[in-house]
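K.L.:
This structure is in structure tokens; I'll ask about it shortly.
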Amino acid sequence: MKFPAILLLTLLPTPALADPPITRIWLTHASHFGDVTVNWETDAPSDSSVEFGQSKELGARVEDPAKVTLHHVEIPADTAKPSWFYRVRSGTQASEVRRVKGYADEVARIAIVADTGYMKRDWGDVVLKDDPHLLLSAGDNVGDLHSSGEEKSGRATAAFSKLIDRFPNLYATTPFLPALGNHDREIHARGDKPPAEAVYDVDAMAFRSFFPLPKPEWTWHFDLPVFGARFIALDMSHLSDQGTTWQTCHSPKAEGEQFKWYQELMKQSDQPYVFTIFNEKSSTVRGLEKGQWNQLISKGSAAITGFGYFAERAEVEGFPWYNTSVSGTGAKYADPKSALFKSDDNYILITLSRNKEALVEMKNLDGQVIDSRSFKARKK
């Protein structure tokens with residue numbers, strides 16, 4: 001007698017889906033210099049966790065269970081110490097432990113770059129050699145937001161992701177506070193004449209979602225109180241296009257929000273050193289509102305723009321107006337008050353000291369100093 005064959009099925013365990021990998025990490029300051037915002041991306045939504053401490057053993061943790069792909073976690077890092085360490089986690093994925101410099105040294109070094117969206121040479125490793133505590137920008141961090149093919153909604157952040165990918169070690173170990181340029185919010189191609197639709201997202205939604213900065217983010221100010229310094233970012237670029245579909249930034253008018261914000265901020269700014277950053281031609285800014293902007297900015301220590309593709313220091317009644325660009329070999333058009341002009345790829349290094357005058361150097365990408373000036377503390 002034959003029996004029917006019996007098919008035995010062995011049920012193997014289904015492998016669990018891997019958590020999305022952590023693709024890039026960058027640091028910002030969204031508020032106080034003692035609080036650092038750690039940012040990263042994952043390909044799929046996941047939770048967020050940052051472990052941190054004064055040694056590689058870490059010990060403290062801040063968590064956010066929300067499932068996101070763009071992660072921002074602010075931590076109370078002890079930046080008053082020589083260094084601190086951190087690691088990020090999403091699901092089962094974890095980054096390596098990173099070391100970040102604190103502000104315990106006798107000096108603090110602040111690097112300022114501009115036009116990184118149009119760089120011709122790698123600049124990140126050169127800046128890293130200066131061992132900066134803080135990295136700022138004077139705008140045009142990316143070329144545009146639409147070339148990646150993402151939806152032209154003002155929410156496309158792929159260009160900023162590529163910016164971080166160029167120099168991952170720099171951005172993962174140095175807090176970065178960028179100022180806005182017109183290209184950082186360009187959601188449509190500009191064209192030869194103003195089109196029917198807005199070319200730029202004036203509110204800079206993608207920029208502000210990617211870089212947590214001090215409020216309101218399209219302008220911001222950041223203080224290093226232990227070194228008596230304040231840095232202020234204005235929203236100024238292509239001001240001649242105000243009122244058209246080419247308009248890229250908020251109004252500079254005296255009755256506008258930006259002017260009133262800056263005016264009040266300068267009244268409160270009793271720091272020995274105040275640096276104002278923007279992305280418009282300096283001579284244009286000086287003439288705004290019948291010179292009112294010039295009067296306010298000149299109450300500080302120096303102005304820094306990334307509008308032109310060259311290195312320049314203009315002097316107006318002893319007050320310096322710098323132009324810096326890591327893509328510094330472009331069209332040459334000197335400020336009427338230019339005291340130094342170089343067609344070099346360049347960046348600015350500000351060295352603040354607890355016991356000495358501040359030093360501002362313009363350096364080319366070979367590491368050579370092309371301009372140097374000391375600054376005395378402002379009178380209160």
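Here, A, B, ... name the chains of the structure tokens in the order displayed, residue numbers run from 1 inside each chain, and ligands are numbered from 1 in the same displayed order.
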Extract, using only C-alpha atoms, all DNA, RNA and protein residues at most 6 Å from stretch 206-214 of chain A, discarding same-chain residues fewer than 5 positions from it, and format them as a PyMOL selection string.
P.N.:
chain A and resi 29-31+154-157+220
K.L.:
Just want the 12 Å neighbourhood of A:Gln292, counted on only C-alpha atoms, with same-chain residues fewer than 5 positions away dropped. Output as a compact mmCIF listing (two decimals) with N, CA, C and O atoms, in the first residue's frame.
P.N.:
```
# COMPACT_ATOMS: atom_id res chain seq x y z
N PRO A 252 15.21 95.69 2.95
CA PRO A 252 16.14 96.43 3.79
C PRO A 252 15.59 97.81 4.20
O PRO A 252 16.32 98.59 4.82
N LYS A 253 14.35 98.08 3.90
CA LYS A 253 13.78 99.40 4.18
C LYS A 253 13.78 99.70 5.68
O LYS A 253 13.64 98.79 6.51
N ALA A 254 13.90 100.98 6.00
CA ALA A 254 13.98 101.39 7.40
C ALA A 254 12.71 101.04 8.18
O ALA A 254 12.76 100.83 9.40
N GLU A 255 11.56 100.97 7.48
CA GLU A 255 10.32 100.61 8.16
C GLU A 255 10.11 99.11 8.22
O GLU A 255 9.13 98.62 8.78
N PHE A 259 15.48 95.88 9.31
CA PHE A 259 16.17 97.08 9.79
C PHE A 259 15.89 97.30 11.27
O PHE A 259 16.82 97.57 12.05
N LYS A 260 14.64 97.17 11.67
CA LYS A 260 14.29 97.39 13.07
C LYS A 260 14.97 96.36 13.98
O LYS A 260 15.41 96.69 15.08
N TYR A 262 17.85 94.82 13.37
CA TYR A 262 19.27 95.12 13.44
C TYR A 262 19.54 96.38 14.26
O TYR A 262 20.49 96.44 15.05
N GLN A 263 18.69 97.36 14.10
CA GLN A 263 18.84 98.61 14.85
C GLN A 263 18.77 98.34 16.35
O GLN A 263 19.60 98.83 17.13
N THR A 284 26.82 99.10 -2.03
CA THR A 284 25.36 99.16 -2.09
C THR A 284 24.77 99.25 -0.69
O THR A 284 23.88 100.05 -0.41
N VAL A 285 25.28 98.41 0.22
CA VAL A 285 24.77 98.39 1.59
C VAL A 285 25.03 99.73 2.27
O VAL A 285 24.17 100.25 2.99
N ARG A 286 26.18 100.31 2.03
CA ARG A 286 26.49 101.59 2.67
C ARG A 286 25.53 102.71 2.25
O ARG A 286 25.27 103.63 3.02
N GLY A 287 24.98 102.60 1.05
CA GLY A 287 24.08 103.64 0.56
C GLY A 287 22.62 103.42 0.89
O GLY A 287 21.78 104.28 0.60
N ILE A 297 26.03 99.65 10.84
CA ILE A 297 27.07 98.63 10.68
C ILE A 297 28.41 99.15 11.17
O ILE A 297 29.20 98.41 11.79
N SER A 298 28.68 100.42 10.94
CA SER A 298 29.97 101.01 11.31
C SER A 298 30.13 101.15 12.82
O SER A 298 31.23 101.48 13.30
N LYS A 299 29.08 100.93 13.58
CA LYS A 299 29.20 100.92 15.04
C LYS A 299 29.90 99.65 15.52
O LYS A 299 30.31 99.56 16.68
```
K.L.:
Write out, as a Markdown table, each residue of stretch 47-133 of chain A that has an atom at most 7 Å from stretch 343-363 of chain A, together with the closest pair of atoms and their distance in Å to one decimal, counting only C-alpha atoms, rows going by chain and rising number.
P.N.:
```
| residue | atom | partner | partner_atom | distance |
| --- | --- | --- | --- | --- |
| A:Glu106 | CA | A:Arg354 | CA | 5.7 |
| A:Val107 | CA | A:Ser353 | CA | 4.4 |
| A:Ala108 | CA | A:Leu352 | CA | 5.1 |
| A:Arg109 | CA | A:Thr351 | CA | 4.6 |
| A:Ile110 | CA | A:Ile350 | CA | 5.0 |
| A:Ala111 | CA | A:Leu349 | CA | 4.6 |
| A:Ile112 | CA | A:Ile348 | CA | 5.0 |
| A:Val113 | CA | A:Tyr347 | CA | 5.0 |
```
K.L.:
With C-alpha atoms retained, write the just-selected residues as a PDB file, in the first residue's frame.
P.N.:
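Final output, part15.pdb:
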```pdb
ATOM      1  CA  GLU A 106      43.224  81.442  25.372  1.00  0.00           C
ATOM      2  CA  VAL A 107      42.162  82.059  21.774  1.00  0.00           C
ATOM      3  CA  ALA A 108      39.190  81.186  19.585  1.00  0.00           C
ATOM      4  CA  ARG A 109      39.555  80.865  15.816  1.00  0.00           C
ATOM      5  CA  ILE A 110      36.590  81.641  13.570  1.00  0.00           C
ATOM      6  CA  ALA A 111      36.851  80.837   9.860  1.00  0.00           C
ATOM      7  CA  ILE A 112      34.538  82.629   7.408  1.00  0.00           C
ATOM      8  CA  VAL A 113      34.016  81.344   3.870  1.00  0.00           C
TER       9      VAL A 113
END
```
K.L.:
Find the residues near A:Gly300: any atom within 8 Å, counting only C-alpha atoms, skip ones fewer than 2 places away on the same chain, and give them as a PyMOL selection string.
P.N.:
chain A and resi 273-276+296-298+302-303+378
K.L.:
Using only C-alpha atoms, tabulate the residues of stretch 224-250 of chain A lying at most 8 Å from any atom of stretch 167-182 of chain A, each with its closest atom pair and that distance in Å to one decimal, by chain and increasing residue number, as CSV.
P.N.:
```
residue,atom,partner,partner_atom,distance
A:Ala233,CA,A:Ala179,CA,5.6
A:Leu234,CA,A:Ala179,CA,7.2
A:Asp235,CA,A:Leu180,CA,6.2
A:Met236,CA,A:Gly181,CA,7.3
A:Ser237,CA,A:Asn182,CA,5.8
A:His238,CA,A:Asn182,CA,7.1
A:Thr248,CA,A:Asn182,CA,5.5
A:Cys249,CA,A:Asn182,CA,7.2
```
K.L.:
For A:Lys81, list every protein, DNA or RNA residue within 7 Å, evaluated using only C-alpha atoms, and leave out those in the same chain fewer than 2 positions away; present the list as an NGL selection string.
P.N.:
:A and (78-79 or 83 or 102-104)
K.L.:
Could those residues be written to a file, using all heavy atoms, as a tab-separated table (two decimals), in the first residue's frame?
P.N.:
```
chain	number	residue	atom	x	y	z
A	78	ASP	N	29.24	70.80	27.04
A	78	ASP	CA	30.03	71.66	27.91
A	78	ASP	C	31.14	72.29	27.07
A	78	ASP	O	32.30	71.86	27.10
A	78	ASP	CB	30.60	70.87	29.08
A	78	ASP	CG	31.14	71.78	30.17
A	78	ASP	OD1	31.26	73.00	29.92
A	78	ASP	OD2	31.44	71.28	31.26
A	79	THR	N	30.80	73.32	26.32
A	79	THR	CA	31.77	73.93	25.41
A	79	THR	C	32.81	74.77	26.13
A	79	THR	O	33.75	75.26	25.51
A	79	THR	CB	31.04	74.80	24.37
A	79	THR	OG1	30.31	75.83	25.04
A	79	THR	CG2	30.10	73.97	23.53
A	83	SER	N	37.54	70.21	25.20
A	83	SER	CA	36.90	69.42	24.14
A	83	SER	C	35.76	68.60	24.73
A	83	SER	O	35.65	68.44	25.95
A	83	SER	CB	37.91	68.49	23.46
A	83	SER	OG	38.43	67.55	24.39
A	102	GLY	N	36.24	72.76	22.46
A	102	GLY	CA	35.48	73.72	23.24
A	102	GLY	C	36.15	75.09	23.19
A	102	GLY	O	37.09	75.32	22.41
A	103	TYR	N	35.67	76.01	24.01
A	103	TYR	CA	36.18	77.37	24.02
A	103	TYR	C	37.00	77.66	25.28
A	103	TYR	O	36.93	78.73	25.85
A	103	TYR	CB	35.02	78.35	23.91
A	103	TYR	CG	34.23	78.22	22.63
A	103	TYR	CD1	32.95	77.64	22.63
A	103	TYR	CD2	34.76	78.65	21.43
A	103	TYR	CE1	32.23	77.52	21.46
A	103	TYR	CE2	34.04	78.53	20.25
A	103	TYR	CZ	32.78	77.96	20.26
A	103	TYR	OH	32.07	77.84	19.10
A	104	ALA	N	37.80	76.68	25.69
A	104	ALA	CA	38.58	76.83	26.92
A	104	ALA	C	39.97	77.42	26.66
A	104	ALA	O	40.65	77.82	27.60
A	104	ALA	CB	38.73	75.48	27.62
```
